[in-house]
Every structure is written in structure tokens, then in C-alpha cells.
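Remarks on the structure that follows.
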Amino acid sequence: MLLMPINMCHPGMRLAKNIYNDDGMVLLAVNVELTQRLIDRLFSYGIDYIYIEDSRTDDVIQEDIIQDETRTRAVIEIRNTFKKVMEDSNKRGSVSYYDIGRNFRDVMRMIIDDLSAHQGAMVMLNNMNIKDNYLFQHSVNVSIYAIMLGISYGYSRENLETLGLGALLHDIGKTKVPLGILRKPSQLTPEEFTEMKNHTNYGFQILKEEPNIPLISAHCALQHHERVNGSGYPRGLLGSDINEFAKWIGLVDSYDAMTTTRVYRRPLLPHEAMEQLFAGSTTMYDQSQIALFRDKIAIYPLGITVRLNTGEYGIVSKLNMAVPQRPIVRVLQDEAGTVLKEPYEIDLSKRLSVLISEIGEIKVDDLGTDPHIPTLL
């Protein structure tokens with residue numbers, strides 16, 4: 001399969017992975033043939049990349065580390081809970097959400113079980129979802145990243161559930177922010193930004209009294225925008241004063257926000273977002289946490305089309321666990337633009353002079369090439 005930008009796709013291509021709606025249900029299934037109308041609709045939905053079938057890369061398969069059932073259950077629970085809190089905003093007096101902890105603990109166990117079955121795998125959250133409800137999908141993504149890091153860090157099952165609950169509900173306070181601010185497609189005014197920042201306090205107030213929510217999870221909602229140099233909010237905490245779980249969540253919250261389509265900007269590719277995180281590693285984030293995150297994330301997702309500094313085009317065909325930024329690239333098109341009848345692979349960890357220079361367009365003609373692909377070291 002090839003992971004291609006939607007603006008490089010054309011009619012006649014076939015999907016290699018499902019595309020989901022905002023409820024986590026299949027919108028377009030594997031093997032659907034794309035038409036221009038479908039391509040335009042996907043673009044309007046905010047989908048920037050899709051997997052397409054290609055005979056030269058049949059053996060390049062991204063296995064989902066989270067089952068469809070798990071993701072669908074998580075999205076539905078988030079959607080129903082957040083909508084209920086929004087509806088209750090107009091009610092007088094205090095409102096209890098006794099079922100939040102019970103329902104989300106079940107979701108946490110499903111996510112932990114899925115991730116525990118793929119320990120050692122690098123995470124690629126390239127699930128194809130429409131972006132109408134960014135808040136719901138973002139909450140699920142952040143919980144997956146956080147739990148994956150918690151497993152790698154060696155947290156106990158109980159701590160993983162606490163971390164996961166804090167991650168899944170870290171943005172619940174946004175349900176109290178006016179929709180006009182939450183969905184504004186342009187830059188917020190200073191007054192609007194002040195109100196947006198209040199979502200951390202709102203989230204803490206919602207969660208701290210709930211009997212089935214650990215107090216630490218509530219503090220994750222409060223502190224996930226704090227930064228180690230004191231530049232964060234709401235309290236401007238420094239370094240060790242920030243809860244460790246909140247630091248993990250703040251890191252992955254930033255990463256997922258940067259790599260997700262928003263109405264006011266294009267998404268960054270994983271390696272671009274990681275560069276930005278490292279740029280702030282000495283001032284905003286914990287350096288050891290970023291280092292672990294870097295080692296667990298597929299900086300160049302499997303199947304993505306790339307251009308090398310040699311002028312050759314190809315795809316990332318294998319990940320390199322030891323050096324994530326130096327994957328194996330299958331060259332499909334030479335520097336002259338000629339489609340190769342016999343593609344070959346370059347291990348970038350062994351050819352240090354060869355670099356990925358950009359995410360580039362390649363020709364996707366079905367050549368029926370020999371399945372044996374030699375590796376050029």
C-alpha cells in the first residue's frame with residue numbers, strides 16, 4: 001500500500017484501508033475505487049492522506065495496534081459524555097457524572113489490552129477519519145499515545161488506567177467553552193484565548209468530585225498545558241511541580257494537535273512535529289519523555305511516499321526500531337523520473353549520505369513487478 005496525499009490521488013485508484021466517520025464506523029471500505037467526486041468529498045472532510053493499493057507495495061502493510069471495536073467504543077463514550085456535559089451546562093446547581101469513571105475504565109482496559117499485545121511496535125495513528133469532531137478523535141488519540149508511553153515506561157496496570165483516564169478526559173473542560181470560541185476558524189482574540197485557557201480549570205472542576213475518577217486524573221485535566229519552564233497555564237508551574245502524568249499528556253496532546261488537520265492550518269507530518277517538540281525540549285517539555293516518545297513513534301509512517309536527496313522517489317517500506325528517522329525506503333522511480341521495473345530498497349541507517357528530503361509524488365502505475373526486492377546497502 002501507498003500512503004499518499006489526497007491531492008495527489010486520482011480516479012481509478014483503490015483504497016487500501018478503511019476510512020471512518022466520526023462515530024468510528026466505516027465510511028468507505030477497503031477496495032473501493034475512487035472517483036473524482038469521492039476524492040473531493042474526502043478533501044472536504046479534512047482527510048489529507050489515504051492508503052491506496054499498488055502492486056509494487058503489496059507486502060507493505062500497516063497493522064492497526066488498536067482494534068476497530070476499541071476505537072469505536074472509545075469515540076462513542078467520549079462523544080456521549082462530552083455532549084451530556086455540554087447539555088448540562090445550562091442546568092442550575094451541581095451535576096454528577098457518576099458513570100464517567102465506570103464507563104471509561106472499561107474503555108481503558110480495552111486500549112491497554114490492545115497496546116499490551118503490540119509491545120515493541122512503533123505507533124502510527126494513521127487511521128483515516130473525517131475531522132468533523134476533532135475533539136472526540138483527539139481525546140482518543142492522546143489516550144492511546146499516553147498509554148503506549150506508560151507501558152514503555154513500566155507503569156503498573158493501575159497507573160496505566162489512571163494515566164489513560166486523565167488522557168482521555170484531559171479536554172473535557174472544553175465542553176464549558178462557548179462553541180463560537182471552540183470552533184472559531186481564525187485566530188482568537190486575547191479575551192477569547194483567556195476563555196479557552198479556562199478549559200483546564202473547568203475540566204478539573206468536573207472531574208475532581210467524581211467518585212470513580214482518580215484525583216490524579218483530574219489534575220491531568222488541570223495541568224496538561226503547564227510547561228517545565230513555567231510558561232504554561234493555568235498556574236505557571238515549574239518542572240517537578242507538574243504532575244508526571246500531566247507532563248506525558250501535555251507532550252502527546254501537543255504532538256497530536258500538530259499532526260491533525262485543523263480549520264486554520266494544514267497538519268504537520270510526524271517528523272516535522274517531532275522537530276518542533278525537540279526544539280522546545282529544554283524549555284517546555286521533559287527531555288527524557290521526548291526521547292522515549294521519539295523512539296516509539298514512526299516518524300515516517302509506513303507506506304508514505306518520499307523523495308530522497310539523490311532525486312529518487314519511493315516509499316517507506318520498513319521501519320527502523322533502532323533509528324526511527326532512518327527507515328528503509330523502497331525506490332520506485334529513479335532520479336530521472338523513470339518508473340523502475342525492478343524496485344530496490346535502501347537502508348538509510350547504513351547509507352548515511354542518503355536522506356529523505358521531502359514527502360513527494362511518485363508514479364503509481366501498476367507494473368506488476370517482481371515481488372523479490374533486493375536491498376541496496
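FYI, nothing fancy with the C-alpha cells labels: chains A, B, ... in order, residues from 1 per chain, ligands from 1 as they appear.
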Near A:Lys174, counting only C-alpha atoms, which residues have an atom at most 12 Å away, once you skip same-chain residues fewer than 2 positions from it, shown as a ChimeraX atom specification? /A:82-83,85-86,89,134-136,139,169-172,176-183,195-206,221-222
Determine which residues of stretch 174-328 of chain A receive a DSSP assignment of strand (DSSP E), computed from the backbone, and state them as a list in words. Thr305, Val306, Arg307, Leu308, Tyr313, Gly314, Ile315, Val316, Ser317, Lys318 and Ile328 of chain A
Select from stretch 113-339 of chain A everything DSSP, run on the backbone, classes as helix (DSSP H, G or I), then give the selection as an mmCIF file with N, CA and C atoms, in the first residue's frame.
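Just written: out_12.cif:
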```cif
data_model
loop_
_atom_site.group_PDB
_atom_site.id
_atom_site.type_symbol
_atom_site.label_atom_id
_atom_site.label_comp_id
_atom_site.auth_asym_id
_atom_site.auth_seq_id
_atom_site.Cartn_x
_atom_site.Cartn_y
_atom_site.Cartn_z
ATOM 1 N N ASP A 113 -5.243 -3.461 26.814
ATOM 2 C CA ASP A 113 -5.103 -4.830 26.301
ATOM 3 C C ASP A 113 -4.598 -4.821 24.863
ATOM 4 N N ASP A 114 -5.158 -3.943 24.023
ATOM 5 C CA ASP A 114 -4.726 -3.872 22.618
ATOM 6 C C ASP A 114 -3.257 -3.484 22.522
ATOM 7 N N LEU A 115 -2.859 -2.449 23.268
ATOM 8 C CA LEU A 115 -1.476 -1.973 23.194
ATOM 9 C C LEU A 115 -0.504 -2.973 23.814
ATOM 10 N N SER A 116 -0.934 -3.644 24.869
ATOM 11 C CA SER A 116 -0.060 -4.634 25.516
ATOM 12 C C SER A 116 0.231 -5.799 24.580
ATOM 13 N N TYR A 134 -13.160 16.953 15.846
ATOM 14 C CA TYR A 134 -11.752 16.872 16.224
ATOM 15 C C TYR A 134 -11.599 16.522 17.695
ATOM 16 N N LEU A 135 -12.410 17.111 18.554
ATOM 17 C CA LEU A 135 -12.249 16.937 19.990
ATOM 18 C C LEU A 135 -12.362 15.473 20.398
ATOM 19 N N PHE A 136 -13.302 14.745 19.797
ATOM 20 C CA PHE A 136 -13.504 13.352 20.166
ATOM 21 C C PHE A 136 -12.320 12.482 19.732
ATOM 22 N N GLN A 137 -11.935 12.595 18.449
ATOM 23 C CA GLN A 137 -10.835 11.792 17.929
ATOM 24 C C GLN A 137 -9.531 12.146 18.630
ATOM 25 N N HIS A 138 -9.328 13.434 18.884
ATOM 26 C CA HIS A 138 -8.105 13.890 19.551
ATOM 27 C C HIS A 138 -8.006 13.281 20.948
ATOM 28 N N SER A 139 -9.090 13.240 21.678
ATOM 29 C CA SER A 139 -9.077 12.674 23.023
ATOM 30 C C SER A 139 -8.675 11.202 23.003
ATOM 31 N N VAL A 140 -9.197 10.463 22.036
ATOM 32 C CA VAL A 140 -8.858 9.042 21.922
ATOM 33 C C VAL A 140 -7.387 8.885 21.532
ATOM 34 N N ASN A 141 -6.925 9.663 20.562
ATOM 35 C CA ASN A 141 -5.527 9.574 20.140
ATOM 36 C C ASN A 141 -4.574 9.855 21.295
ATOM 37 N N VAL A 142 -4.861 10.906 22.065
ATOM 38 C CA VAL A 142 -3.987 11.268 23.180
ATOM 39 C C VAL A 142 -3.934 10.139 24.206
ATOM 40 N N SER A 143 -5.061 9.489 24.445
ATOM 41 C CA SER A 143 -5.057 8.384 25.409
ATOM 42 C C SER A 143 -4.228 7.211 24.891
ATOM 43 N N ILE A 144 -4.297 6.941 23.594
ATOM 44 C CA ILE A 144 -3.509 5.839 23.019
ATOM 45 C C ILE A 144 -2.011 6.134 23.138
ATOM 46 N N TYR A 145 -1.620 7.335 22.753
ATOM 47 C CA TYR A 145 -0.213 7.716 22.882
ATOM 48 C C TYR A 145 0.250 7.616 24.334
ATOM 49 N N ALA A 146 -0.549 8.169 25.246
ATOM 50 C CA ALA A 146 -0.143 8.215 26.652
ATOM 51 C C ALA A 146 -0.006 6.817 27.236
ATOM 52 N N ILE A 147 -0.955 5.937 26.954
ATOM 53 C CA ILE A 147 -0.885 4.578 27.483
ATOM 54 C C ILE A 147 0.298 3.827 26.880
ATOM 55 N N MET A 148 0.537 4.021 25.578
ATOM 56 C CA MET A 148 1.685 3.393 24.947
ATOM 57 C C MET A 148 2.984 3.797 25.636
ATOM 58 N N LEU A 149 3.112 5.092 25.941
ATOM 59 C CA LEU A 149 4.307 5.568 26.632
ATOM 60 C C LEU A 149 4.376 5.029 28.058
ATOM 61 N N GLY A 150 3.212 4.962 28.716
ATOM 62 C CA GLY A 150 3.173 4.429 30.074
ATOM 63 C C GLY A 150 3.603 2.978 30.142
ATOM 64 N N ILE A 151 3.180 2.182 29.152
ATOM 65 C CA ILE A 151 3.601 0.778 29.081
ATOM 66 C C ILE A 151 5.113 0.702 28.904
ATOM 67 N N SER A 152 5.649 1.513 27.997
ATOM 68 C CA SER A 152 7.095 1.512 27.739
ATOM 69 C C SER A 152 7.873 1.985 28.961
ATOM 70 N N TYR A 153 7.277 2.896 29.714
ATOM 71 C CA TYR A 153 7.943 3.454 30.894
ATOM 72 C C TYR A 153 7.911 2.486 32.070
ATOM 73 N N ARG A 157 -0.475 -1.598 36.000
ATOM 74 C CA ARG A 157 -1.796 -1.580 35.358
ATOM 75 C C ARG A 157 -2.670 -0.485 35.970
ATOM 76 N N GLU A 158 -2.631 -0.349 37.288
ATOM 77 C CA GLU A 158 -3.437 0.672 37.952
ATOM 78 C C GLU A 158 -3.021 2.067 37.506
ATOM 79 N N ASN A 159 -1.722 2.316 37.422
ATOM 80 C CA ASN A 159 -1.252 3.625 36.976
ATOM 81 C C ASN A 159 -1.581 3.879 35.514
ATOM 82 N N LEU A 160 -1.543 2.827 34.702
ATOM 83 C CA LEU A 160 -1.911 2.986 33.288
ATOM 84 C C LEU A 160 -3.369 3.429 33.154
ATOM 85 N N GLU A 161 -4.248 2.849 33.981
ATOM 86 C CA GLU A 161 -5.653 3.246 33.925
ATOM 87 C C GLU A 161 -5.829 4.696 34.369
ATOM 88 N N THR A 162 -5.093 5.093 35.412
ATOM 89 C CA THR A 162 -5.180 6.477 35.887
ATOM 90 C C THR A 162 -4.661 7.438 34.829
ATOM 91 N N LEU A 163 -3.506 7.119 34.245
ATOM 92 C CA LEU A 163 -2.943 7.942 33.167
ATOM 93 C C LEU A 163 -3.885 7.995 31.977
ATOM 94 N N GLY A 164 -4.435 6.838 31.605
ATOM 95 C CA GLY A 164 -5.327 6.783 30.453
ATOM 96 C C GLY A 164 -6.600 7.579 30.658
ATOM 97 N N LEU A 165 -7.173 7.513 31.861
ATOM 98 C CA LEU A 165 -8.371 8.298 32.158
ATOM 99 C C LEU A 165 -8.061 9.794 32.087
ATOM 100 N N GLY A 166 -6.914 10.188 32.626
ATOM 101 C CA GLY A 166 -6.523 11.589 32.547
ATOM 102 C C GLY A 166 -6.343 12.048 31.125
ATOM 103 N N ALA A 167 -5.782 11.154 30.281
ATOM 104 C CA ALA A 167 -5.561 11.497 28.878
ATOM 105 C C ALA A 167 -6.879 11.561 28.105
ATOM 106 N N LEU A 168 -7.740 10.576 28.310
ATOM 107 C CA LEU A 168 -8.995 10.524 27.570
ATOM 108 C C LEU A 168 -9.898 11.704 27.918
ATOM 109 N N ILE A 172 -12.027 17.603 28.678
ATOM 110 C CA ILE A 172 -13.462 17.631 28.964
ATOM 111 C C ILE A 172 -13.916 19.037 29.331
ATOM 112 N N GLY A 173 -13.018 19.866 29.840
ATOM 113 C CA GLY A 173 -13.375 21.242 30.181
ATOM 114 C C GLY A 173 -13.769 22.081 28.985
ATOM 115 N N LYS A 174 -13.393 21.642 27.770
ATOM 116 C CA LYS A 174 -13.783 22.395 26.579
ATOM 117 C C LYS A 174 -15.288 22.344 26.336
ATOM 118 N N THR A 175 -15.964 21.415 27.001
ATOM 119 C CA THR A 175 -17.423 21.363 26.883
ATOM 120 C C THR A 175 -18.066 22.586 27.526
ATOM 121 N N LYS A 176 -17.343 23.317 28.359
ATOM 122 C CA LYS A 176 -17.856 24.521 29.012
ATOM 123 C C LYS A 176 -17.454 25.802 28.278
ATOM 124 N N LEU A 179 -19.240 27.520 22.051
ATOM 125 C CA LEU A 179 -18.946 26.905 20.764
ATOM 126 C C LEU A 179 -18.364 27.901 19.766
ATOM 127 N N GLY A 180 -18.782 29.155 19.864
ATOM 128 C CA GLY A 180 -18.262 30.173 18.952
ATOM 129 C C GLY A 180 -16.757 30.334 19.078
ATOM 130 N N ILE A 181 -16.242 30.129 20.284
ATOM 131 C CA ILE A 181 -14.789 30.193 20.506
ATOM 132 C C ILE A 181 -14.144 28.868 20.132
ATOM 133 N N LEU A 182 -14.761 27.785 20.546
ATOM 134 C CA LEU A 182 -14.198 26.457 20.323
ATOM 135 C C LEU A 182 -14.039 26.150 18.834
ATOM 136 N N PRO A 190 -7.487 38.143 22.359
ATOM 137 C CA PRO A 190 -6.950 37.911 23.712
ATOM 138 C C PRO A 190 -8.025 37.495 24.705
ATOM 139 N N GLU A 191 -9.202 38.095 24.614
ATOM 140 C CA GLU A 191 -10.286 37.739 25.529
ATOM 141 C C GLU A 191 -10.772 36.312 25.273
ATOM 142 N N GLU A 192 -10.885 35.948 24.008
ATOM 143 C CA GLU A 192 -11.322 34.595 23.664
ATOM 144 C C GLU A 192 -10.279 33.563 24.084
ATOM 145 N N PHE A 193 -9.008 33.889 23.926
ATOM 146 C CA PHE A 193 -7.957 32.955 24.325
ATOM 147 C C PHE A 193 -7.950 32.747 25.838
ATOM 148 N N THR A 194 -8.223 33.812 26.571
ATOM 149 C CA THR A 194 -8.323 33.694 28.024
ATOM 150 C C THR A 194 -9.431 32.723 28.405
ATOM 151 N N GLU A 195 -10.569 32.830 27.724
ATOM 152 C CA GLU A 195 -11.674 31.913 27.989
ATOM 153 C C GLU A 195 -11.305 30.488 27.581
ATOM 154 N N MET A 196 -10.626 30.326 26.447
ATOM 155 C CA MET A 196 -10.213 28.998 26.012
ATOM 156 C C MET A 196 -9.294 28.351 27.049
ATOM 157 N N LYS A 197 -8.383 29.128 27.602
ATOM 158 C CA LYS A 197 -7.456 28.579 28.600
ATOM 159 C C LYS A 197 -8.183 28.106 29.855
ATOM 160 N N HIS A 199 -10.451 26.148 30.027
ATOM 161 C CA HIS A 199 -10.924 24.759 29.934
ATOM 162 C C HIS A 199 -10.164 23.843 30.886
ATOM 163 N N THR A 200 -8.947 24.210 31.266
ATOM 164 C CA THR A 200 -8.208 23.385 32.224
ATOM 165 C C THR A 200 -8.861 23.422 33.598
ATOM 166 N N ASN A 201 -9.260 24.614 34.031
ATOM 167 C CA ASN A 201 -9.959 24.741 35.313
ATOM 168 C C ASN A 201 -11.336 24.086 35.268
ATOM 169 N N TYR A 202 -12.053 24.290 34.156
ATOM 170 C CA TYR A 202 -13.371 23.676 34.019
ATOM 171 C C TYR A 202 -13.257 22.155 34.112
ATOM 172 N N GLY A 203 -12.258 21.587 33.432
ATOM 173 C CA GLY A 203 -12.088 20.138 33.451
ATOM 174 C C GLY A 203 -11.812 19.610 34.844
ATOM 175 N N PHE A 204 -10.980 20.315 35.582
ATOM 176 C CA PHE A 204 -10.675 19.903 36.948
ATOM 177 C C PHE A 204 -11.918 19.935 37.815
ATOM 178 N N GLN A 205 -12.726 20.987 37.674
ATOM 179 C CA GLN A 205 -13.944 21.109 38.469
ATOM 180 C C GLN A 205 -14.926 19.982 38.157
ATOM 181 N N ILE A 206 -15.001 19.575 36.900
ATOM 182 C CA ILE A 206 -15.914 18.498 36.510
ATOM 183 C C ILE A 206 -15.474 17.163 37.111
ATOM 184 N N LEU A 207 -14.162 16.892 37.083
ATOM 185 C CA LEU A 207 -13.659 15.558 37.416
ATOM 186 C C LEU A 207 -13.312 15.353 38.885
ATOM 187 N N LEU A 215 -8.155 11.369 41.593
ATOM 188 C CA LEU A 215 -7.852 12.793 41.677
ATOM 189 C C LEU A 215 -6.674 13.152 40.767
ATOM 190 N N ILE A 216 -5.730 12.226 40.601
ATOM 191 C CA ILE A 216 -4.600 12.493 39.705
ATOM 192 C C ILE A 216 -5.085 12.714 38.277
ATOM 193 N N SER A 217 -6.105 11.954 37.848
ATOM 194 C CA SER A 217 -6.659 12.135 36.500
ATOM 195 C C SER A 217 -7.263 13.525 36.356
ATOM 196 N N ALA A 218 -7.910 14.001 37.421
ATOM 197 C CA ALA A 218 -8.461 15.353 37.396
ATOM 198 C C ALA A 218 -7.346 16.390 37.283
ATOM 199 N N HIS A 219 -6.236 16.147 37.968
ATOM 200 C CA HIS A 219 -5.098 17.064 37.885
ATOM 201 C C HIS A 219 -4.476 17.051 36.484
ATOM 202 N N CYS A 220 -4.614 15.955 35.763
ATOM 203 C CA CYS A 220 -4.136 15.921 34.372
ATOM 204 C C CYS A 220 -4.922 16.904 33.517
ATOM 205 N N ALA A 221 -6.235 16.972 33.748
ATOM 206 C CA ALA A 221 -7.054 17.950 33.031
ATOM 207 C C ALA A 221 -6.627 19.368 33.388
ATOM 208 N N LEU A 222 -6.248 19.571 34.643
ATOM 209 C CA LEU A 222 -5.856 20.902 35.111
ATOM 210 C C LEU A 222 -4.479 21.311 34.591
ATOM 211 N N GLN A 223 -3.545 20.363 34.504
ATOM 212 C CA GLN A 223 -2.141 20.720 34.305
ATOM 213 C C GLN A 223 -1.573 20.386 32.923
ATOM 214 N N GLY A 239 8.742 22.712 36.256
ATOM 215 C CA GLY A 239 9.349 21.391 36.341
ATOM 216 C C GLY A 239 8.669 20.374 37.219
ATOM 217 N N SER A 240 9.315 20.071 38.368
ATOM 218 C CA SER A 240 8.854 18.997 39.250
ATOM 219 C C SER A 240 7.524 19.299 39.925
ATOM 220 N N ASP A 241 7.048 20.544 39.848
ATOM 221 C CA ASP A 241 5.744 20.876 40.426
ATOM 222 C C ASP A 241 4.594 20.367 39.558
ATOM 223 N N GLU A 244 3.622 14.198 36.937
ATOM 224 C CA GLU A 244 4.310 13.442 35.880
ATOM 225 C C GLU A 244 3.355 12.979 34.788
ATOM 226 N N PHE A 245 2.161 12.504 35.175
ATOM 227 C CA PHE A 245 1.187 12.075 34.172
ATOM 228 C C PHE A 245 0.774 13.247 33.294
ATOM 229 N N ALA A 246 0.593 14.427 33.904
ATOM 230 C CA ALA A 246 0.201 15.605 33.134
ATOM 231 C C ALA A 246 1.279 15.999 32.141
ATOM 232 N N LYS A 247 2.549 15.766 32.486
ATOM 233 C CA LYS A 247 3.642 16.057 31.551
ATOM 234 C C LYS A 247 3.551 15.158 30.318
ATOM 235 N N TRP A 248 3.308 13.865 30.551
ATOM 236 C CA TRP A 248 3.147 12.945 29.409
ATOM 237 C C TRP A 248 2.004 13.410 28.512
ATOM 238 N N ILE A 249 0.881 13.732 29.142
ATOM 239 C CA ILE A 249 -0.307 14.119 28.374
ATOM 240 C C ILE A 249 -0.074 15.435 27.645
ATOM 241 N N GLY A 250 0.593 16.396 28.288
ATOM 242 C CA GLY A 250 0.889 17.654 27.622
ATOM 243 C C GLY A 250 1.747 17.465 26.397
ATOM 244 N N LEU A 251 2.698 16.535 26.466
ATOM 245 C CA LEU A 251 3.583 16.247 25.334
ATOM 246 C C LEU A 251 2.810 15.658 24.161
ATOM 247 N N VAL A 252 2.029 14.599 24.418
ATOM 248 C CA VAL A 252 1.333 13.934 23.315
ATOM 249 C C VAL A 252 0.141 14.752 22.825
ATOM 250 N N ASP A 253 -0.442 15.561 23.711
ATOM 251 C CA ASP A 253 -1.504 16.478 23.298
ATOM 252 C C ASP A 253 -0.971 17.454 22.249
ATOM 253 N N SER A 254 0.216 17.995 22.482
ATOM 254 C CA SER A 254 0.829 18.915 21.521
ATOM 255 C C SER A 254 1.120 18.210 20.215
ATOM 256 N N TYR A 255 1.676 17.000 20.295
ATOM 257 C CA TYR A 255 2.035 16.256 19.088
ATOM 258 C C TYR A 255 0.807 15.936 18.241
ATOM 259 N N ASP A 256 -0.244 15.424 18.878
ATOM 260 C CA ASP A 256 -1.430 15.054 18.102
ATOM 261 C C ASP A 256 -2.106 16.278 17.505
ATOM 262 N N ALA A 257 -2.103 17.397 18.243
ATOM 263 C CA ALA A 257 -2.681 18.631 17.704
ATOM 264 C C ALA A 257 -1.912 19.096 16.469
ATOM 265 N N MET A 258 -0.582 18.971 16.515
ATOM 266 C CA MET A 258 0.232 19.418 15.383
ATOM 267 C C MET A 258 0.057 18.532 14.154
ATOM 268 N N PRO A 270 4.653 13.693 10.821
ATOM 269 C CA PRO A 270 5.217 13.279 12.102
ATOM 270 C C PRO A 270 6.631 13.786 12.361
ATOM 271 N N HIS A 271 7.511 13.746 11.359
ATOM 272 C CA HIS A 271 8.884 14.184 11.602
ATOM 273 C C HIS A 271 8.955 15.694 11.816
ATOM 274 N N GLU A 272 8.042 16.449 11.178
ATOM 275 C CA GLU A 272 8.012 17.897 11.388
ATOM 276 C C GLU A 272 7.557 18.224 12.805
ATOM 277 N N ALA A 273 6.527 17.514 13.273
ATOM 278 C CA ALA A 273 6.038 17.749 14.632
ATOM 279 C C ALA A 273 7.093 17.365 15.666
ATOM 280 N N MET A 274 7.800 16.257 15.413
ATOM 281 C CA MET A 274 8.831 15.834 16.348
ATOM 282 C C MET A 274 9.958 16.862 16.426
ATOM 283 N N GLU A 275 10.298 17.475 15.292
ATOM 284 C CA GLU A 275 11.318 18.524 15.292
ATOM 285 C C GLU A 275 10.883 19.697 16.156
ATOM 286 N N GLN A 276 9.610 20.053 16.085
ATOM 287 C CA GLN A 276 9.122 21.158 16.902
ATOM 288 C C GLN A 276 9.148 20.812 18.386
ATOM 289 N N LEU A 277 8.804 19.569 18.711
ATOM 290 C CA LEU A 277 8.861 19.157 20.116
ATOM 291 C C LEU A 277 10.294 19.214 20.644
ATOM 292 N N PHE A 278 11.243 18.744 19.850
ATOM 293 C CA PHE A 278 12.634 18.768 20.289
ATOM 294 C C PHE A 278 13.146 20.199 20.396
ATOM 295 N N ALA A 279 12.615 21.090 19.568
ATOM 296 C CA ALA A 279 13.028 22.491 19.668
ATOM 297 C C ALA A 279 12.653 23.076 21.019
ATOM 298 N N GLN A 287 12.927 16.345 28.704
ATOM 299 C CA GLN A 287 13.774 15.781 27.656
ATOM 300 C C GLN A 287 13.720 14.262 27.620
ATOM 301 N N SER A 288 13.700 13.612 28.791
ATOM 302 C CA SER A 288 13.669 12.148 28.806
ATOM 303 C C SER A 288 12.350 11.617 28.264
ATOM 304 N N GLN A 289 11.255 12.341 28.513
ATOM 305 C CA GLN A 289 9.962 11.923 27.983
ATOM 306 C C GLN A 289 9.929 12.058 26.460
ATOM 307 N N ILE A 290 10.485 13.152 25.932
ATOM 308 C CA ILE A 290 10.521 13.328 24.475
ATOM 309 C C ILE A 290 11.371 12.240 23.831
ATOM 310 N N ALA A 291 12.488 11.884 24.464
ATOM 311 C CA ALA A 291 13.365 10.860 23.904
ATOM 312 C C ALA A 291 12.642 9.520 23.802
ATOM 313 N N LEU A 292 11.892 9.151 24.840
ATOM 314 C CA LEU A 292 11.134 7.902 24.794
ATOM 315 C C LEU A 292 10.043 7.977 23.739
ATOM 316 N N PHE A 293 9.353 9.118 23.665
ATOM 317 C CA PHE A 293 8.300 9.292 22.674
ATOM 318 C C PHE A 293 8.859 9.154 21.260
ATOM 319 N N ARG A 294 10.013 9.768 21.008
ATOM 320 C CA ARG A 294 10.651 9.681 19.692
ATOM 321 C C ARG A 294 10.923 8.234 19.305
ATOM 322 N N ASP A 295 11.332 7.426 20.274
ATOM 323 C CA ASP A 295 11.679 6.039 19.979
ATOM 324 C C ASP A 295 10.464 5.156 19.765
ATOM 325 N N LYS A 296 9.276 5.642 20.130
ATOM 326 C CA LYS A 296 8.064 4.834 19.998
ATOM 327 C C LYS A 296 7.166 5.277 18.846
#
```
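Residues within 12 Å of A:Leu308, counting only C-alpha atoms and excluding same-chain residues fewer than 5 positions away, are Tyr313, Gly314, Ile315, Val316, Arg326, Pro327, Ile328, Val329, Arg330, Val331, Leu332, Gln333, Asp334, Glu335, Ile346, Leu348, Arg351, Leu352, Ser353, Val354, Leu355, Ile356, Ser357, Glu358, Ile359, Gly360, Glu361 and Ile362 of chain A.
The space between atom CA of A:Thr72 and atom CA of A:Thr35 spans 27.0 Å.
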Identify, on the basis of only C-alpha atoms, every residue whose closest approach to A:Leu15 does not exceed 10 Å; exclude the query and any residue fewer than 4 positions from it along the same chain; express the result as a PDB file with C-alpha atoms, in the first residue's frame.
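Output below, filename out-v7.pdb:
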```
ATOM      1  CA  MET A   1       0.000   0.000   0.000  1.00  0.00           C
ATOM      2  CA  LEU A   2       0.974   3.612  -0.527  1.00  0.00           C
ATOM      3  CA  ILE A  19     -11.993   5.401   6.121  1.00  0.00           C
ATOM      4  CA  LEU A  28     -15.542   3.950   2.777  1.00  0.00           C
ATOM      5  CA  ALA A  29     -14.288   0.380   2.789  1.00  0.00           C
ATOM      6  CA  VAL A  30     -11.115  -1.247   1.560  1.00  0.00           C
ATOM      7  CA  ASN A  31     -11.006  -1.820  -2.221  1.00  0.00           C
ATOM      8  CA  VAL A  32     -13.458   0.981  -3.064  1.00  0.00           C
ATOM      9  CA  GLU A  33     -12.483   2.578  -6.368  1.00  0.00           C
ATOM     10  CA  LEU A  34     -12.012   6.316  -6.074  1.00  0.00           C
ATOM     11  CA  ILE A  50      -5.141   7.954   2.360  1.00  0.00           C
ATOM     12  CA  TYR A  51      -3.745   4.483   1.752  1.00  0.00           C
ATOM     13  CA  ILE A  52      -4.121   3.215  -1.798  1.00  0.00           C
ATOM     14  CA  GLU A  53      -3.404  -0.167  -3.354  1.00  0.00           C
ATOM     15  CA  ASP A  54      -0.304  -0.655  -5.513  1.00  0.00           C
TER      16      ASP A  54
END
```
What does the distance between atom CA of A:Asp88 and atom CA of A:Ile76 come to in Å, to one decimal place? 18.2 Å
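Using only C-alpha atoms for every distance, the candidate list A:Val26, A:Asp106, A:Tyr45, A:Val123 yields A:Val123 as the residue closest to A:Asp64.
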Leaving out stretch 68-71 of chain A and any residue of its chain fewer than 3 positions from it, which residues lie within 8 Å of it when counting only C-alpha atoms, given as JSON, numbers by chain? {"A": [24, 74, 75, 107, 110, 111, 140]}
Could you tell me how far atom CA of A:Pro301 lies from atom CA of A:His10, in Å and to one decimal? 21.4 Å
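Counting only C-alpha atoms, the residue from A:Arg56, A:Leu340, A:Met13, A:Tyr20 that sits nearest to A:Ile39 is A:Met13.
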